[in-house]
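data09.cif follows; it contains mmCIF, C-alpha atoms.
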data_final
#
loop_
_atom_site.label_atom_id
_atom_site.label_comp_id
_atom_site.auth_asym_id
_atom_site.auth_seq_id
_atom_site.Cartn_x
_atom_site.Cartn_y
_atom_site.Cartn_z
CA MET N 1 8.37 -4.87 -26.36
CA TRP N 2 6.93 -2.48 -23.75
CA PHE N 3 7.08 0.35 -26.31
CA ILE N 4 5.15 -1.79 -28.80
CA SER N 5 2.44 -2.68 -26.26
CA LEU N 6 1.95 0.98 -25.38
CA LEU N 7 1.86 2.09 -29.02
CA GLY N 8 -0.54 -0.69 -30.00
CA MET N 9 -2.94 0.12 -27.17
CA GLY N 10 -2.94 3.82 -28.09
CA ILE N 11 -3.47 3.26 -31.81
CA ALA N 12 -6.36 0.83 -31.20
CA THR N 13 -8.02 3.38 -28.89
CA ILE N 14 -7.71 6.26 -31.36
CA LEU N 15 -8.91 4.16 -34.31
CA ILE N 16 -12.18 3.40 -32.49
CA GLY N 17 -12.99 7.10 -32.87
CA PHE N 18 -12.73 6.78 -36.67
CA LEU N 19 -14.95 3.74 -37.09
CA PRO N 20 -17.75 4.02 -39.66
CA THR N 21 -21.29 3.61 -38.38
CA TYR N 22 -23.66 0.68 -38.76
CA TYR N 23 -25.69 2.71 -41.26
CA GLN N 24 -22.58 3.14 -43.42
CA ILE N 25 -21.17 -0.41 -43.57
CA GLY N 26 -23.65 -2.54 -41.65
CA VAL N 27 -22.58 -5.34 -39.33
CA LEU N 28 -18.94 -4.84 -40.35
CA ALA N 29 -18.89 -1.77 -38.10
CA THR N 30 -19.65 -3.97 -35.10
CA VAL N 31 -17.04 -6.52 -36.17
CA LEU N 32 -14.37 -3.81 -36.49
CA LEU N 33 -15.27 -2.42 -33.07
CA ILE N 34 -14.92 -5.86 -31.47
CA ILE N 35 -11.55 -6.40 -33.19
CA LEU N 36 -10.21 -3.04 -31.99
CA ARG N 37 -11.45 -3.67 -28.45
CA ILE N 38 -9.73 -7.07 -28.44
CA LEU N 39 -6.49 -5.46 -29.66
CA GLN N 40 -6.87 -2.77 -27.03
CA GLY N 41 -7.12 -5.38 -24.29
CA PHE N 42 -4.33 -7.49 -25.78
CA PHE N 43 -1.82 -4.64 -25.75
CA LEU N 44 -3.00 -3.38 -22.36
CA ALA N 45 -2.36 -6.82 -20.89
CA GLY N 46 1.31 -6.54 -21.83
CA GLU N 47 1.65 -2.88 -20.93
CA TRP N 48 0.21 -3.10 -17.41
CA GLY N 49 2.29 -6.08 -16.31
CA GLY N 50 5.39 -4.70 -18.02
CA GLY N 51 5.07 -1.27 -16.49
CA MET N 52 4.53 -2.73 -13.03
CA THR N 53 7.59 -4.96 -13.40
CA LEU N 54 9.84 -2.20 -14.72
CA VAL N 55 8.93 0.31 -12.01
CA THR N 56 9.55 -2.08 -9.13
CA GLU N 57 12.83 -3.35 -10.60
CA VAL N 58 14.35 0.12 -11.04
CA ALA N 59 13.02 1.46 -7.72
CA PRO N 60 15.33 1.65 -4.67
CA SER N 61 14.51 -1.27 -2.37
CA ASN N 62 13.28 1.00 0.43
CA TYR N 63 10.95 2.94 -1.92
CA ARG N 64 9.59 0.07 -3.97
CA GLY N 65 6.12 0.44 -2.47
CA ALA N 66 6.01 4.21 -2.96
CA LEU N 67 7.04 4.10 -6.62
CA GLY N 68 4.80 1.12 -7.27
CA GLY N 69 1.96 3.13 -5.75
CA LEU N 70 2.81 6.08 -7.98
CA GLN N 71 2.56 3.80 -11.00
CA GLN N 72 -0.79 2.41 -9.83
CA GLY N 73 -2.07 5.94 -9.43
CA GLY N 74 -1.56 6.29 -13.17
CA ALA N 75 -4.74 4.28 -13.70
CA ALA N 76 -6.66 6.94 -11.78
CA LEU N 77 -4.99 9.66 -13.85
CA GLY N 78 -6.16 7.91 -16.99
CA LEU N 79 -9.72 7.82 -15.67
CA ILE N 80 -9.47 11.52 -14.81
CA PHE N 81 -8.41 12.18 -18.41
CA ALA N 82 -11.47 10.20 -19.49
CA VAL N 83 -13.78 12.38 -17.37
CA ILE N 84 -12.18 15.53 -18.80
CA ALA N 85 -12.51 14.14 -22.32
CA ASN N 86 -16.18 13.36 -21.68
CA GLU N 87 -16.87 16.89 -20.43
CA LEU N 88 -15.06 18.42 -23.42
CA ALA N 89 -16.99 16.18 -25.80
CA LEU N 90 -20.31 17.15 -24.17
CA ALA N 91 -19.38 20.83 -24.45
CA ILE N 92 -18.34 20.55 -28.10
CA ALA N 93 -21.19 18.26 -29.14
CA PRO N 94 -24.12 18.59 -26.70
CA GLY N 95 -27.42 16.77 -26.89
CA ASN N 96 -28.01 14.53 -29.88
CA GLU N 97 -24.71 15.61 -31.43
CA PHE N 98 -22.88 13.60 -28.79
CA SER N 99 -24.19 10.32 -30.23
CA VAL N 100 -23.01 11.40 -33.69
CA ILE N 101 -19.60 12.99 -33.12
CA GLY N 102 -19.14 13.63 -29.39
CA TRP N 103 -18.27 10.05 -28.43
CA ARG N 104 -15.59 10.04 -31.14
CA ILE N 105 -13.88 13.07 -29.59
CA MET N 106 -13.34 11.09 -26.40
CA PHE N 107 -11.32 8.47 -28.26
CA TRP N 108 -9.39 11.07 -30.27
CA PHE N 109 -8.41 12.69 -26.99
CA GLY N 110 -6.42 9.53 -26.30
CA ILE N 111 -3.61 10.83 -28.49
CA VAL N 112 -2.60 13.31 -25.74
CA PRO N 113 -1.62 10.78 -23.02
CA LEU N 114 -0.28 8.44 -25.72
CA VAL N 115 2.29 10.98 -26.96
CA ILE N 116 3.36 11.80 -23.39
CA ALA N 117 3.71 8.12 -22.45
CA LEU N 118 5.64 7.25 -25.63
CA ALA N 119 8.07 10.11 -25.04
CA VAL N 120 8.78 8.84 -21.53
CA ARG N 121 8.95 5.16 -22.52
CA TRP N 122 11.33 5.89 -25.43
CA LYS N 123 14.03 6.98 -22.98
CA ILE N 124 13.66 4.00 -20.64
CA GLY N 125 15.67 0.84 -21.23
CA GLU N 126 15.65 -2.52 -19.50
CA SER N 127 16.18 -2.54 -15.75
CA LEU N 128 19.66 -3.29 -14.42
CA GLU N 129 18.03 -6.02 -12.34
CA TRP N 130 16.89 -7.87 -15.46
CA LEU N 131 20.11 -7.27 -17.41
CA ILE N 132 22.20 -8.84 -14.64
CA LYS N 133 19.95 -11.67 -13.44
CA ALA N 134 17.80 -12.68 -16.40
CA LYS N 135 19.29 -11.64 -19.73
CA PRO N 136 22.42 -13.87 -19.58
CA SER N 137 20.28 -17.03 -19.23
CA PRO N 138 16.61 -16.18 -19.92
CA GLU N 139 13.80 -18.65 -19.45
CA LYS N 140 12.80 -20.15 -22.80
CA ILE N 141 9.13 -20.52 -21.87
CA PRO N 142 8.61 -18.58 -18.61
CA ILE N 143 4.92 -19.42 -18.35
CA ILE N 144 5.80 -23.12 -17.94
CA THR N 145 8.29 -22.28 -15.19
CA ILE N 146 5.61 -20.28 -13.42
CA PHE N 147 3.17 -23.17 -13.36
CA LYS N 148 5.84 -25.66 -12.32
CA ARG N 149 7.52 -23.68 -9.54
CA TYR N 150 5.14 -20.90 -8.57
CA TRP N 151 1.64 -22.28 -9.16
CA LYS N 152 0.58 -21.56 -5.57
CA LEU N 153 1.65 -17.94 -5.93
CA VAL N 154 -0.30 -17.67 -9.19
CA ILE N 155 -3.48 -18.93 -7.51
CA ILE N 156 -3.07 -16.59 -4.53
CA ALA N 157 -2.26 -13.56 -6.68
CA THR N 158 -5.12 -14.25 -9.09
CA ILE N 159 -7.70 -14.51 -6.28
CA VAL N 160 -6.42 -11.37 -4.55
CA LEU N 161 -6.46 -9.42 -7.81
CA PHE N 162 -9.91 -10.80 -8.60
CA SER N 163 -11.02 -9.46 -5.22
CA SER N 164 -9.63 -5.99 -5.87
CA GLY N 165 -10.90 -6.01 -9.45
CA SER N 166 -14.39 -6.90 -8.23
CA ILE N 167 -14.44 -3.76 -6.09
CA TYR N 168 -13.30 -1.72 -9.07
CA TYR N 169 -15.65 -3.17 -11.67
CA GLY N 170 -18.48 -3.89 -9.25
CA ILE N 171 -18.52 -0.43 -7.65
CA ILE N 172 -16.14 2.19 -9.09
CA ALA N 173 -16.60 1.42 -12.79
CA TYR N 174 -20.28 0.57 -12.19
CA MET N 175 -20.85 3.79 -10.24
CA PRO N 176 -21.98 5.99 -13.20
CA THR N 177 -24.52 3.34 -14.22
CA PHE N 178 -25.68 2.85 -10.63
CA LEU N 179 -26.16 6.58 -10.07
CA SER N 180 -27.94 7.13 -13.38
CA LEU N 181 -30.31 4.20 -12.75
CA TYR N 182 -31.18 4.77 -9.11
CA THR N 183 -30.72 8.50 -8.48
CA LYS N 184 -31.67 11.79 -10.10
CA LEU N 185 -28.13 13.14 -10.25
CA SER N 186 -27.27 14.88 -13.51
CA PRO N 187 -24.54 13.54 -15.85
CA TYR N 188 -22.35 16.47 -14.75
CA GLN N 189 -22.81 15.60 -11.06
CA ILE N 190 -22.11 11.92 -11.73
CA ASP N 191 -18.91 12.88 -13.53
CA ASN N 192 -17.86 14.88 -10.48
CA VAL N 193 -18.48 11.90 -8.17
CA VAL N 194 -16.29 9.76 -10.44
CA LEU N 195 -13.70 12.55 -10.57
CA ALA N 196 -13.57 12.78 -6.76
CA THR N 197 -13.07 9.01 -6.50
CA ASN N 198 -10.20 9.06 -8.96
CA LEU N 199 -8.53 12.15 -7.50
CA ILE N 200 -8.23 10.63 -4.04
CA TRP N 201 -7.02 7.40 -5.66
CA LEU N 202 -4.37 9.32 -7.63
CA PHE N 203 -2.96 11.29 -4.72
CA ILE N 204 -3.21 8.64 -2.01
CA SER N 205 -1.52 5.81 -3.95
CA PRO N 206 2.14 6.89 -3.53
CA LEU N 207 1.50 7.66 0.14
CA THR N 208 -0.06 4.30 0.94
CA GLY N 209 2.67 2.54 -1.01
CA LEU N 210 5.21 4.42 1.11
CA ILE N 211 3.39 3.37 4.28
CA SER N 212 3.92 -0.27 3.28
CA ASP N 213 7.65 0.51 2.84
CA ILE N 214 7.87 2.07 6.29
CA LEU N 215 5.81 -0.52 8.18
CA LYS N 216 7.32 -3.39 6.14
CA TYR N 217 4.00 -5.25 6.13
CA ARG N 218 2.59 -5.56 2.65
CA LYS N 219 0.34 -8.61 2.79
CA LEU N 220 -1.04 -7.63 6.19
CA LEU N 221 -2.00 -4.17 4.90
CA ILE N 222 -3.63 -5.72 1.82
CA ALA N 223 -5.56 -8.11 4.09
CA LEU N 224 -6.68 -5.40 6.53
CA THR N 225 -7.84 -3.20 3.66
CA GLY N 226 -9.86 -6.10 2.27
CA PHE N 227 -11.57 -6.64 5.62
CA VAL N 228 -12.26 -2.90 6.03
CA ALA N 229 -13.70 -2.77 2.52
CA GLY N 230 -15.93 -5.75 3.28
CA VAL N 231 -17.39 -3.91 6.28
CA LEU N 232 -17.73 -0.46 4.69
CA ILE N 233 -19.08 -1.41 1.27
CA TYR N 234 -22.68 -1.47 2.51
CA PRO N 235 -22.68 2.09 3.96
CA ILE N 236 -20.76 3.34 0.90
CA ILE N 237 -23.38 1.96 -1.51
CA LEU N 238 -26.17 3.18 0.77
CA LEU N 239 -24.79 6.73 0.63
CA LEU N 240 -24.71 6.57 -3.16
CA TYR N 241 -28.29 5.29 -3.21
CA THR N 242 -29.57 8.32 -1.25
CA GLY N 243 -29.16 10.42 -4.38
CA SER N 244 -27.55 13.20 -2.37
CA TYR N 245 -24.83 14.93 -4.38
CA ILE N 246 -22.73 15.74 -1.29
CA LEU N 247 -23.09 12.26 0.21
CA SER N 248 -22.22 10.69 -3.14
CA ILE N 249 -19.04 12.78 -3.32
CA PHE N 250 -18.14 11.69 0.21
CA SER N 251 -18.89 8.08 -0.67
CA GLY N 252 -16.66 8.33 -3.75
CA LEU N 253 -13.80 9.78 -1.71
CA LEU N 254 -14.08 7.03 0.89
CA LEU N 255 -14.25 4.34 -1.77
CA GLY N 256 -11.29 5.78 -3.67
CA PHE N 257 -9.20 5.89 -0.49
CA ILE N 258 -9.93 2.28 0.47
CA PHE N 259 -9.36 0.96 -3.04
CA ALA N 260 -6.12 2.91 -3.54
CA PHE N 261 -4.72 1.79 -0.19
CA GLN N 262 -4.79 -1.82 -1.30
CA TYR N 263 -4.22 -1.32 -5.03
CA SER N 264 -1.05 0.73 -4.50
CA ILE N 265 0.73 -2.10 -2.67
CA PHE N 266 0.20 -4.73 -5.37
CA PRO N 267 3.30 -3.98 -7.55
CA SER N 268 5.80 -4.32 -4.70
CA TRP N 269 3.95 -7.28 -3.14
CA LEU N 270 3.91 -9.17 -6.43
CA SER N 271 7.47 -8.31 -7.44
CA GLU N 272 9.14 -9.29 -4.18
CA ASN N 273 7.81 -12.86 -4.20
CA ILE N 274 9.17 -14.03 -7.55
CA SER N 275 12.39 -14.54 -9.52
CA THR N 276 13.50 -11.81 -11.92
CA LYS N 277 13.61 -14.35 -14.75
CA VAL N 278 9.85 -14.89 -14.69
CA ARG N 279 8.60 -11.79 -12.85
CA TYR N 280 7.08 -10.12 -15.91
CA SER N 281 5.18 -13.25 -16.97
CA TYR N 282 4.01 -13.99 -13.41
CA ILE N 283 2.71 -10.48 -12.80
CA ALA N 284 1.12 -10.14 -16.25
CA PHE N 285 -0.61 -13.52 -16.09
CA SER N 286 -1.90 -13.09 -12.54
CA ILE N 287 -3.24 -9.57 -12.90
CA ASN N 288 -4.83 -10.17 -16.28
CA LEU N 289 -6.53 -13.40 -15.22
CA GLY N 290 -7.72 -11.79 -11.99
CA VAL N 291 -9.02 -8.73 -13.80
CA ALA N 292 -10.63 -10.82 -16.55
CA LEU N 293 -12.58 -12.80 -13.95
CA SER N 294 -13.55 -9.70 -12.00
CA SER N 295 -14.83 -7.95 -15.13
CA PHE N 296 -18.05 -9.96 -14.73
CA ALA N 297 -18.78 -8.06 -11.50
CA PRO N 298 -21.22 -5.52 -13.04
CA TYR N 299 -23.33 -8.35 -14.48
CA ILE N 300 -23.26 -10.22 -11.18
CA VAL N 301 -24.27 -7.23 -9.05
CA THR N 302 -27.02 -6.36 -11.55
CA ALA N 303 -28.37 -9.92 -11.38
CA LEU N 304 -28.19 -9.96 -7.58
CA SER N 305 -29.95 -6.60 -7.42
CA ILE N 306 -32.83 -8.14 -9.36
CA VAL N 307 -32.87 -11.27 -7.19
CA PHE N 308 -32.88 -9.29 -3.93
CA LYS N 309 -35.07 -6.56 -5.45
CA ASN N 310 -32.67 -4.11 -3.83
CA PRO N 311 -29.61 -2.63 -5.63
CA VAL N 312 -27.86 -1.81 -2.36
CA ILE N 313 -28.09 -5.38 -1.05
CA GLY N 314 -27.33 -6.85 -4.47
CA THR N 315 -24.17 -4.80 -4.93
CA THR N 316 -23.01 -5.29 -1.36
CA ALA N 317 -23.57 -9.05 -1.31
CA PHE N 318 -21.06 -9.75 -4.05
CA ASP N 319 -18.46 -7.05 -3.46
CA ALA N 320 -18.24 -7.49 0.31
CA ILE N 321 -17.68 -11.24 -0.02
CA ALA N 322 -15.06 -10.68 -2.74
CA ALA N 323 -13.22 -8.10 -0.61
CA ILE N 324 -13.09 -10.33 2.47
CA LEU N 325 -12.08 -13.36 0.38
CA GLY N 326 -9.07 -11.46 -0.98
CA GLY N 327 -8.15 -10.34 2.52
CA ILE N 328 -8.07 -13.94 3.73
CA ILE N 329 -6.24 -15.44 0.74
CA VAL N 330 -3.41 -12.86 0.71
CA LEU N 331 -2.35 -14.04 4.18
CA PHE N 332 -1.26 -17.34 2.60
CA SER N 333 1.34 -15.60 0.42
CA PRO N 334 5.07 -15.88 1.29
CA LYS N 335 6.68 -13.78 3.99
CA ASP N 336 7.18 -10.14 3.02
CA ARG N 337 10.61 -9.23 1.66
CA VAL N 338 10.31 -5.46 2.06
CA GLY N 339 13.61 -3.63 1.62
CA LEU N 340 15.49 -6.74 0.47
CA THR N 341 17.17 -7.25 -2.90
CA LEU N 342 14.91 -8.83 -5.52
CA GLU N 343 15.60 -12.47 -6.35
#
Kindly present the structure from the file in structure tokens form.
Amino acid sequence: MWFISLLGMGIATILIGFLPTYYQIGVLATVLLIILRILQGFFLAGEWGGGMTLVTEVAPSNYRGALGGLQQGGAALGLIFAVIANELALAIAPGNEFSVIGWRIMFWFGIVPLVIALAVRWKIGESLEWLIKAKPSPEKIPIITIFKRYWKLVIIATIVLFSSGSIYYGIIAYMPTFLSLYTKLSPYQIDNVVLATNLIWLFISPLTGLISDILKYRKLLIALTGFVAGVLIYPIILLLYTGSYILSIFSGLLLGFIFAFQYSIFPSWLSENISTKVRYSYIAFSINLGVALSSFAPYIVTALSIVFKNPVIGTTAFDAIAAILGGIIVLFSPKDRVGLTLE
């Protein structure tokens, strides 16, 4: 199933690069794009939760945070690939050519990570944890079990992941748009700011996951990071708003570090609070609902920027509240089970 989700996501991504234009087939081009984007999200929903579950189940109990952090850093690696693909596309098809063929190259580039990921996934079977504890008597409808027995955990996890997702969508993903609207940085400079953010995210994730293994406090670290983010979001956005290339790079590095510190702990925190029989469904449902809700963040911060007539205040108002909310809610999750055998 995990192989299928990965393959489906990759094929949908690559096919977007082959779509005919509106001038060729009219509104059908838009319909096909929407269908492929829906399929992309559908397969990603299964892949992300599945990958997170698999990594934490096969990881040694005392390195569950570190390996979960390594897996979470993969998202940053994917974004780095996207920046590289964008630069290659701009080099191959500069200027007006980018709107004709350049954007397609970015989607075609997706075949490179897809082949690598499929080769790795092909050699990975089910975790021993699942084979022993879940396969002999699997849940018939795990989602029902989740809502009956673990509904409080679902609410907590969804809010915490909404909080983290709001920082991602409301600042990191929104950063290129923010910088292009409110500064005079060039597209190349903006790409470098994004690259710096993702590089620190990539390299810091395994380390911060390991820190949670050593200290044995996962929910406390997630909470503290949320509070720190709530305080530092304003100066981070303010530095971006200055339009200074150096300050924007520094802001991106700081933002990437804070986000990665919290994001890297999620796999182990989620996995250790739930039964193996429903772990995949619990993680997948919680993260995808949280992320789906947080995906409205760019629209919210844009609207607030208009209301306050200040993009710094508008962006900060929403993201700071979301960060602090997640920090508070995570403290209501069950006691940490760091280093213990999974249920």
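Residue selection for this entry, given the PyMOL selection byres ((chain N and resi 166-172) around 6), comprises Phe162, Ser163, Ser164, Gly165, Ala173, Tyr174, Met175, Ser294, Ser295, Ala297, Pro298 and Asp319 of chain N.
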In Å and to one decimal, atom CA of Ser212 of chain N is distant from atom CA of Ala66 of chain N by 8.0 Å
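For segment 227-238 of chain N, the list of residues within 7 Å, based on all atoms listed in the file and with local chain neighbours fewer than 2 positions off taken out, reads Ala223, Leu224, Thr225, Leu240, Tyr241, Thr242, Ser251, Ile258, Val312, Thr316, Ala320, Ile321, Ala323, Ile324 and Gly327 of chain N.
A straight line drawn from atom CA of Asn310 of chain N to atom CA of Val291 of chain N is 26.1 Å long.
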On this structure, the PyMOL selection byres ((chain N and resi 7-22) around 8) would catch which residues? List them as a PyMOL selection string, sorted by chain and number. chain N and resi 3-6+23-30+32-33+36-37+39-44+103-111+114+118
Using only the atoms of segment 57-63 of chain N listed in the file, plus 3 Å on each side, state the axis-aligned box centre and edge lengths in Å rounded to one decimal, as AutoDock Vina command-line options.
--center_x 13.1 --center_y -0.2 --center_z -5.3 --size_x 10.4 --size_y 12.3 --size_z 17.5
Calculate how many Å separate atom CA of Val55 of chain N from atom CA of Thr208 of chain N, rounding to one decimal. 16.3 Å
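Nearest-residue note for Gly65 of chain N: choosing from N:Lys140, N:Lys309, N:Lys148, N:Arg337, the minimum distance belongs to N:Arg337, counting only C-alpha atoms.
Residue nearest Leu289 of chain N within the list N:Ala117, N:Leu221, N:Phe332, N:Ala157: N:Ala157 [criterion: smallest interatomic distance, all atoms listed in the file].
The closest residue to Gln72 of chain N, picked from N:Val58, N:Val193, N:Ile265, N:Ala91 and counting all atoms listed in the file, is N:Ile265.
Using all atoms listed in the file, the nearest neighbour of Asp191 of chain N within the list N:Ala317, N:Ala82, N:Leu325, N:Leu331 is N:Ala82.
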Enumerate, as an MDAnalysis selection string, the residues matched when the PyMOL selection byres ((chain N and resi 194) around 12) is run on the file above. chainID N and resid 76:77 79:84 86 168 171:179 187:193 195:201 240 245 248:256
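Among the candidate residues N:Leu220, N:Val160, N:Ile328, N:Ala59, the one lying nearest to Leu342 of chain N is N:Ala59, with distances computed using only C-alpha atoms.
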